[in-house]
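These notes are about the structure you will find just below.
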Amino acid sequence: MPERRVVIIGGGLVGSLAACYFAKRGWTVDLYEKRPDIRLPEHSDLVEHRSINLAISERGFSALRRLDPELEARVHECVIPMHGRMIHSLDGKQTSQAYDVFGKHINSVGRSTLIKLLLDEASSSSRVRLHFGHEFVQADFDTGRVVVRDVERNQETPIDADLIVGADGAFSRVRQRMMTKVLMNYSQTYIEHGYCEFSMAPRDGEFAMNPNHLHIWPRGSFMLIALPNLDKSFTCTLFMPWSQFSRVKSDADIAGFFREHFPDALERIGERQVCAEYATNPKGSLMYVKCAPYTYKSRAVILGDAAHAMVPFYGQGMNCGFEDIEALDRIMVRILREGDKTGDSSVTANLSDEQLHRALDEYSALRAVDTSAIVDLALENYVEMRAKVVDYVYLARKCLEGLLHRVFPRRVIPLYTMVSFTSIPYADVVKQWNRQTVWLHRSVRTVAAAAAIGIGIVSARTLGPHLQSLRELARMVAGKR
């Protein structure tokens with residue numbers, strides 16, 4: 001069979017992992033990335049202060065494991081386990097909230113560390129060619145002709161591909177080009193909050209705080225978080241409304257703001273450092289993207305943020321992008337095996353155009369529903385992190401669910417556990433969570449009513465006719481009065 005070529009636009013986390021997958025399946029891979037090679041020392045700081053720290057969990061590890069268990073093991077060597085949230089109150093008190101009653105945890109990993117590892121993995125394959133400093137210009141999706149431009153030389157080059165993969169981020173130019181060929185539903189929404197990064201250096205060669213937690217300073221409408229790094233520093237990120245950012249202009253403003261709202265963080269970071277980084281580090285915007293479909297015939301597919309950018313508050317952006325690749329690979333392998341019982345059933349480069357078309361259509365229909373669900377969950381989790389983690393009703397439910405999950409681990413599963421520690425499809429996660437919410441509320445009301453009636457019986461026997469009737473008590477508990 002003739003050589004099959006895939007052109008991948010975007011050499012970030014999702015694009016580099018996709019290159020590894022396609023190479024493993026027998027494709028010839030050309031990956032084009034607009035930025036220089038960040039593995040070179042002179043370009044190593046390109047991702048610093050421009051992107052929020054990463055948390056990798058089961059969905060991300062599952063995609064790495066399917067590609068190569070040894071690669072998964074190498075990534076495990078680069079992470080720091082975070083077993084829960086550490087909540088910082090205004091008086092400096094710290095309270096740990098475990099992520100899972102069975103000790104499961106998410107993992108902090110540096111973005112640049114992981115990208116470099118995946119680029120090394122991709123470049124180790126003879127089937128992969130990496131082209132840095134090249135931007136996407138246009139594509140004819142019917143013929144597979146792609147045009148890229150050498151940024152330094154301002155020289156355009158046409159390339160022919162059997163498949164075009166857009167992994168070029170939230171502002172994907174591949175997606176924009178696809179929209180001229182596909183009846184694509186598309187929405188892009190900015191939230192009224194932005195972010196700014198700060199760094200917390202080690203103290204006496206050690207972490208300044210407990211490294212096995214994601215630290216949160218929840219303050220209602222805004223928050224500060226901190227994730228640990230391998231060099232024993234923390235990357236801190238301030239999330240708050242743009243209206244508040246606009247009021248914090250001078251060194252005195254930011255120092256006073258931290259002194260009022262994050263005094264223990266200010267002490268650990270240092271006032272001079274806070275002022276310097278607030279003045280120089282960029283203020284990033286937060287937005288999410290929903291679109292469908294993700295594919296065009298047998299010729300093109302978009303993955304990761306190009307298809308479903310989300311706000312970072314569930315730590316699922318990268319994990320979801322990695323899961324995209326695994327889901328697409330599973331579908332392609334299955335369709336290949338259904339059509340060819342004699343050949344190598346793992347070389348998806350052997351898919352016919354008709355089979356590839358079918359695989360891409362099935363992938364788009366499957367993932368669009370799931371990714372829409374996690375985009376919504378990520379947005380909702382911002383409220384949880386900046387406000388609900390100190391709410392007594394939220395904490396009571398979290399405690400009750402944890403107890404029930406320990407007793408009925410397959411029947412009752414907390415939302416965070418389903419999202420971060422399983423591979424249950426996101427849409428199914430939402431359905432199960434909604435079912436649990438309904439019967440959990442009913443159970444709580446039933447227990448409360450039974451307790452109130454019991455108290456009423458005891459009180460009636462003790463206080464006699466001066467107490468309201470049991471019927472009145474029952475009505476009050478049931479909310480009918």
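Scheme for the structure tokens: letters A, B, ... for chains in order shown; per-chain residue numbers from 1; ligand numbers from 1 in order shown.
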Subject >> DSSP strand (DSSP E) residues within region 57-176 of chain A, listed as a ChimeraX atom specification >> reply: /A:80-82,84-88,94-98,106-109,128-132,134-140,145-150,155-160,163-166
Against region 396-416 of chain A, which residues of region 53-141 of chain A fall within 8 Å? For each one I want the closest pair of atoms and the distance in Å (one decimal), counting only C-alpha atoms, rows by chain and increasing residue number, as a Markdown table.
| residue | atom | partner | partner_atom | distance |
| --- | --- | --- | --- | --- |
| A:Tyr99 | CA | A:Tyr416 | CA | 7.4 |
| A:Asp100 | CA | A:Gly402 | CA | 7.6 |
| A:Val101 | CA | A:Gly402 | CA | 6.0 |
| A:Phe102 | CA | A:Arg406 | CA | 7.7 |
Emit the selected residues as a compact mmCIF listing (two decimals), in the first residue's frame, including N, CA and C atoms.
# COMPACT_ATOMS: atom_id res chain seq x y z
N TYR A 99 -8.58 14.76 47.90
CA TYR A 99 -9.32 14.58 46.65
C TYR A 99 -10.14 13.30 46.64
N ASP A 100 -9.67 12.27 47.36
CA ASP A 100 -10.31 10.96 47.24
C ASP A 100 -10.15 10.20 48.54
N VAL A 101 -11.21 9.50 48.95
CA VAL A 101 -11.17 8.77 50.23
C VAL A 101 -10.22 7.57 50.17
N PHE A 102 -9.87 7.12 48.96
CA PHE A 102 -8.96 5.99 48.82
C PHE A 102 -7.53 6.43 48.50
Name the residues in contact with Val109 (chain A) at a cut-off of 8 Å, using only C-alpha atoms, excluding same-chain residues fewer than 5 positions from it; report them as a compact mmCIF listing (two decimals) with N, CA and C atoms, in the first residue's frame.
# COMPACT_ATOMS: atom_id res chain seq x y z
N ASN A 53 0.00 26.30 35.12
CA ASN A 53 0.59 25.00 35.41
C ASN A 53 -0.39 23.86 35.13
N LEU A 54 0.15 22.69 34.89
CA LEU A 54 -0.65 21.54 34.50
C LEU A 54 -0.85 20.56 35.65
N ALA A 55 -1.99 19.88 35.62
CA ALA A 55 -2.24 18.75 36.52
C ALA A 55 -2.63 17.57 35.64
N ILE A 56 -1.84 16.52 35.68
CA ILE A 56 -2.15 15.34 34.87
C ILE A 56 -2.77 14.28 35.76
N CYS A 78 8.45 12.75 36.40
CA CYS A 78 8.53 14.21 36.28
C CYS A 78 7.42 14.92 37.04
N VAL A 79 6.59 14.19 37.77
CA VAL A 79 5.43 14.80 38.41
C VAL A 79 5.59 14.85 39.92
N ILE A 80 4.77 15.69 40.54
CA ILE A 80 4.68 15.77 41.99
C ILE A 80 3.25 15.45 42.39
N LEU A 114 6.95 18.61 30.06
CA LEU A 114 6.18 17.58 29.37
C LEU A 114 6.25 17.76 27.85
N ASN A 229 6.62 22.66 41.83
CA ASN A 229 7.50 22.33 40.72
C ASN A 229 8.66 21.46 41.20
Subject >> 7 Å contact set for Arg129 (chain A), only C-alpha atoms, chain neighbours under 2 positions out, as a list in words >> reply: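 Listing them by chain and then by number gives Val29, Asp30, Leu31, Ser123, Arg127 and His131 of chain A.
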Original post:
At what distance in Å, to one decimal, does CA of Gly220 (chain A) lie from CA of Ala387 (chain A)?
Top reply: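 Going from CA of Ala387 (chain A) over to CA of Gly220 (chain A) covers 4.5 Å.
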Subject >> Who sits within 6 Å of Phe222 (chain A), only C-alpha atoms, same chain under 2 positions skipped, as a PyMOL selection string >> reply: chain A and resi 219-220+239-240+386
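Going from CA of Ala309 (chain A) to CA of Gln188 (chain A) covers 8.8 Å.
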**OP:** Determine, counting only C-alpha atoms, which protein, DNA and RNA residues have an atom within 10 Å of an atom of Leu90 (chain A); residues of the same chain fewer than 3 positions away are not included. Present the result as number ranges by chain.
**Re:** A: 87, 93-94, 217-219, 259-264
Selection from above, N, CA and C atoms, as a compact mmCIF listing (two decimals), in the first residue's frame, can you write it?
# COMPACT_ATOMS: atom_id res chain seq x y z
N ILE A 87 -6.42 24.57 51.84
CA ILE A 87 -7.17 25.82 51.87
C ILE A 87 -6.51 26.77 52.87
N LYS A 93 -4.41 30.03 58.67
CA LYS A 93 -4.69 28.63 58.97
C LYS A 93 -4.82 27.84 57.67
N GLN A 94 -4.28 26.62 57.67
CA GLN A 94 -4.33 25.76 56.50
C GLN A 94 -5.15 24.50 56.81
N TRP A 217 -6.15 29.90 47.98
CA TRP A 217 -6.57 31.00 48.84
C TRP A 217 -7.92 31.48 48.30
N PRO A 218 -9.05 30.88 48.71
CA PRO A 218 -10.37 31.24 48.16
C PRO A 218 -10.90 32.52 48.80
N ARG A 219 -11.29 33.47 47.97
CA ARG A 219 -11.75 34.75 48.51
C ARG A 219 -13.07 35.19 47.87
N ARG A 259 -1.40 41.96 50.90
CA ARG A 259 -1.35 42.07 52.37
C ARG A 259 -2.74 41.91 52.97
N GLU A 260 -3.75 42.39 52.26
CA GLU A 260 -5.13 42.30 52.76
C GLU A 260 -5.73 40.92 52.57
N HIS A 261 -5.47 40.29 51.41
CA HIS A 261 -6.17 39.06 51.05
C HIS A 261 -5.32 37.80 51.14
N PHE A 262 -4.01 37.92 50.94
CA PHE A 262 -3.13 36.74 50.95
C PHE A 262 -1.87 37.01 51.77
N PRO A 263 -2.02 37.35 53.04
CA PRO A 263 -0.84 37.76 53.81
C PRO A 263 0.22 36.67 53.94
N ASP A 264 -0.20 35.41 54.10
CA ASP A 264 0.80 34.35 54.25
C ASP A 264 1.49 34.06 52.92
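Nearest to Arg268 (chain A) of all the residues A:Ser199, A:Ser372, A:Thr295, A:Ser246 is A:Ser199, counting only C-alpha atoms.
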Using only C-alpha atoms, what does the table of region 281-376 of chain A residues within 12 Å of region 423-434 of chain A look like, with each row giving the shortest atom pair and its distance in Å to one decimal, sorted by chain and ascending number, as CSV?
residue,atom,partner,partner_atom,distance
A:Gln316,CA,A:Tyr426,CA,10.7
A:Asn319,CA,A:Ser423,CA,10.4
A:Cys320,CA,A:Tyr426,CA,9.5
A:Phe322,CA,A:Ser423,CA,11.9
A:Glu323,CA,A:Ser423,CA,8.8
A:Asp324,CA,A:Pro425,CA,11.3
A:Glu326,CA,A:Ser423,CA,11.2
A:Ala327,CA,A:Pro425,CA,10.5
A:Leu366,CA,A:Pro425,CA,9.4
A:Arg367,CA,A:Pro425,CA,8.9
A:Ala368,CA,A:Ala427,CA,9.7
A:Val369,CA,A:Ala427,CA,6.4
A:Asp370,CA,A:Ala427,CA,4.8
A:Thr371,CA,A:Tyr426,CA,7.0
A:Ser372,CA,A:Ala427,CA,8.0
A:Ala373,CA,A:Ala427,CA,5.4
A:Ile374,CA,A:Tyr426,CA,6.0
A:Val375,CA,A:Tyr426,CA,9.6
A:Asp376,CA,A:Val430,CA,9.9
Could you write those residues out with N, CA and C atoms, as an mmCIF file, in the first residue's frame?
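Result went into again21.cif, see below:
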data_model
loop_
_atom_site.group_PDB
_atom_site.id
_atom_site.type_symbol
_atom_site.label_atom_id
_atom_site.label_comp_id
_atom_site.auth_asym_id
_atom_site.auth_seq_id
_atom_site.Cartn_x
_atom_site.Cartn_y
_atom_site.Cartn_z
ATOM 1 N N GLN A 316 -8.418 19.725 33.374
ATOM 2 C CA GLN A 316 -8.732 18.686 32.399
ATOM 3 C C GLN A 316 -8.405 19.069 30.959
ATOM 4 N N ASN A 319 -5.601 16.780 29.801
ATOM 5 C CA ASN A 319 -6.094 15.413 29.936
ATOM 6 C C ASN A 319 -7.150 15.095 28.889
ATOM 7 N N CYS A 320 -8.041 16.044 28.648
ATOM 8 C CA CYS A 320 -9.081 15.859 27.641
ATOM 9 C C CYS A 320 -8.476 15.795 26.244
ATOM 10 N N PHE A 322 -5.429 14.770 25.465
ATOM 11 C CA PHE A 322 -4.789 13.455 25.340
ATOM 12 C C PHE A 322 -5.831 12.368 25.118
ATOM 13 N N GLU A 323 -6.959 12.480 25.820
ATOM 14 C CA GLU A 323 -8.025 11.487 25.660
ATOM 15 C C GLU A 323 -8.618 11.547 24.253
ATOM 16 N N ASP A 324 -8.645 12.745 23.647
ATOM 17 C CA ASP A 324 -9.062 12.852 22.244
ATOM 18 C C ASP A 324 -8.265 11.891 21.371
ATOM 19 N N GLU A 326 -6.426 9.275 22.204
ATOM 20 C CA GLU A 326 -6.676 7.870 22.519
ATOM 21 C C GLU A 326 -8.018 7.419 21.937
ATOM 22 N N ALA A 327 -9.050 8.256 22.075
ATOM 23 C CA ALA A 327 -10.375 7.892 21.554
ATOM 24 C C ALA A 327 -10.336 7.728 20.035
ATOM 25 N N LEU A 366 -18.936 11.203 18.857
ATOM 26 C CA LEU A 366 -18.681 10.732 20.222
ATOM 27 C C LEU A 366 -18.103 11.836 21.104
ATOM 28 N N ARG A 367 -17.076 12.505 20.623
ATOM 29 C CA ARG A 367 -16.337 13.429 21.477
ATOM 30 C C ARG A 367 -17.044 14.757 21.668
ATOM 31 N N ALA A 368 -17.801 15.209 20.686
ATOM 32 C CA ALA A 368 -18.438 16.519 20.819
ATOM 33 C C ALA A 368 -19.355 16.572 22.036
ATOM 34 N N VAL A 369 -20.053 15.486 22.308
ATOM 35 C CA VAL A 369 -20.950 15.438 23.469
ATOM 36 C C VAL A 369 -20.147 15.456 24.760
ATOM 37 N N ASP A 370 -19.094 14.651 24.814
ATOM 38 C CA ASP A 370 -18.290 14.561 26.030
ATOM 39 C C ASP A 370 -17.535 15.852 26.317
ATOM 40 N N THR A 371 -16.941 16.434 25.291
ATOM 41 C CA THR A 371 -16.131 17.627 25.533
ATOM 42 C C THR A 371 -17.000 18.826 25.900
ATOM 43 N N SER A 372 -18.210 18.886 25.366
ATOM 44 C CA SER A 372 -19.124 19.945 25.784
ATOM 45 C C SER A 372 -19.416 19.838 27.278
ATOM 46 N N ALA A 373 -19.534 18.609 27.772
ATOM 47 C CA ALA A 373 -19.815 18.394 29.199
ATOM 48 C C ALA A 373 -18.656 18.873 30.069
ATOM 49 N N ILE A 374 -17.425 18.563 29.689
ATOM 50 C CA ILE A 374 -16.299 18.962 30.539
ATOM 51 C C ILE A 374 -16.029 20.452 30.446
ATOM 52 N N VAL A 375 -16.325 21.073 29.311
ATOM 53 C CA VAL A 375 -16.196 22.532 29.215
ATOM 54 C C VAL A 375 -17.105 23.199 30.239
ATOM 55 N N ASP A 376 -18.336 22.694 30.370
ATOM 56 C CA ASP A 376 -19.276 23.244 31.354
ATOM 57 C C ASP A 376 -18.816 22.954 32.785
#
**OP:** From a DSSP calculation on the backbone, collect every residue of region 90-321 of chain A in helix (DSSP H, G or I) and output the set as an NGL selection string.
**Re:** :A and (111-123 or 173-178 or 242-247 or 251-261 or 263-269 or 271-280 or 305-308 or 312-314 or 317-321)
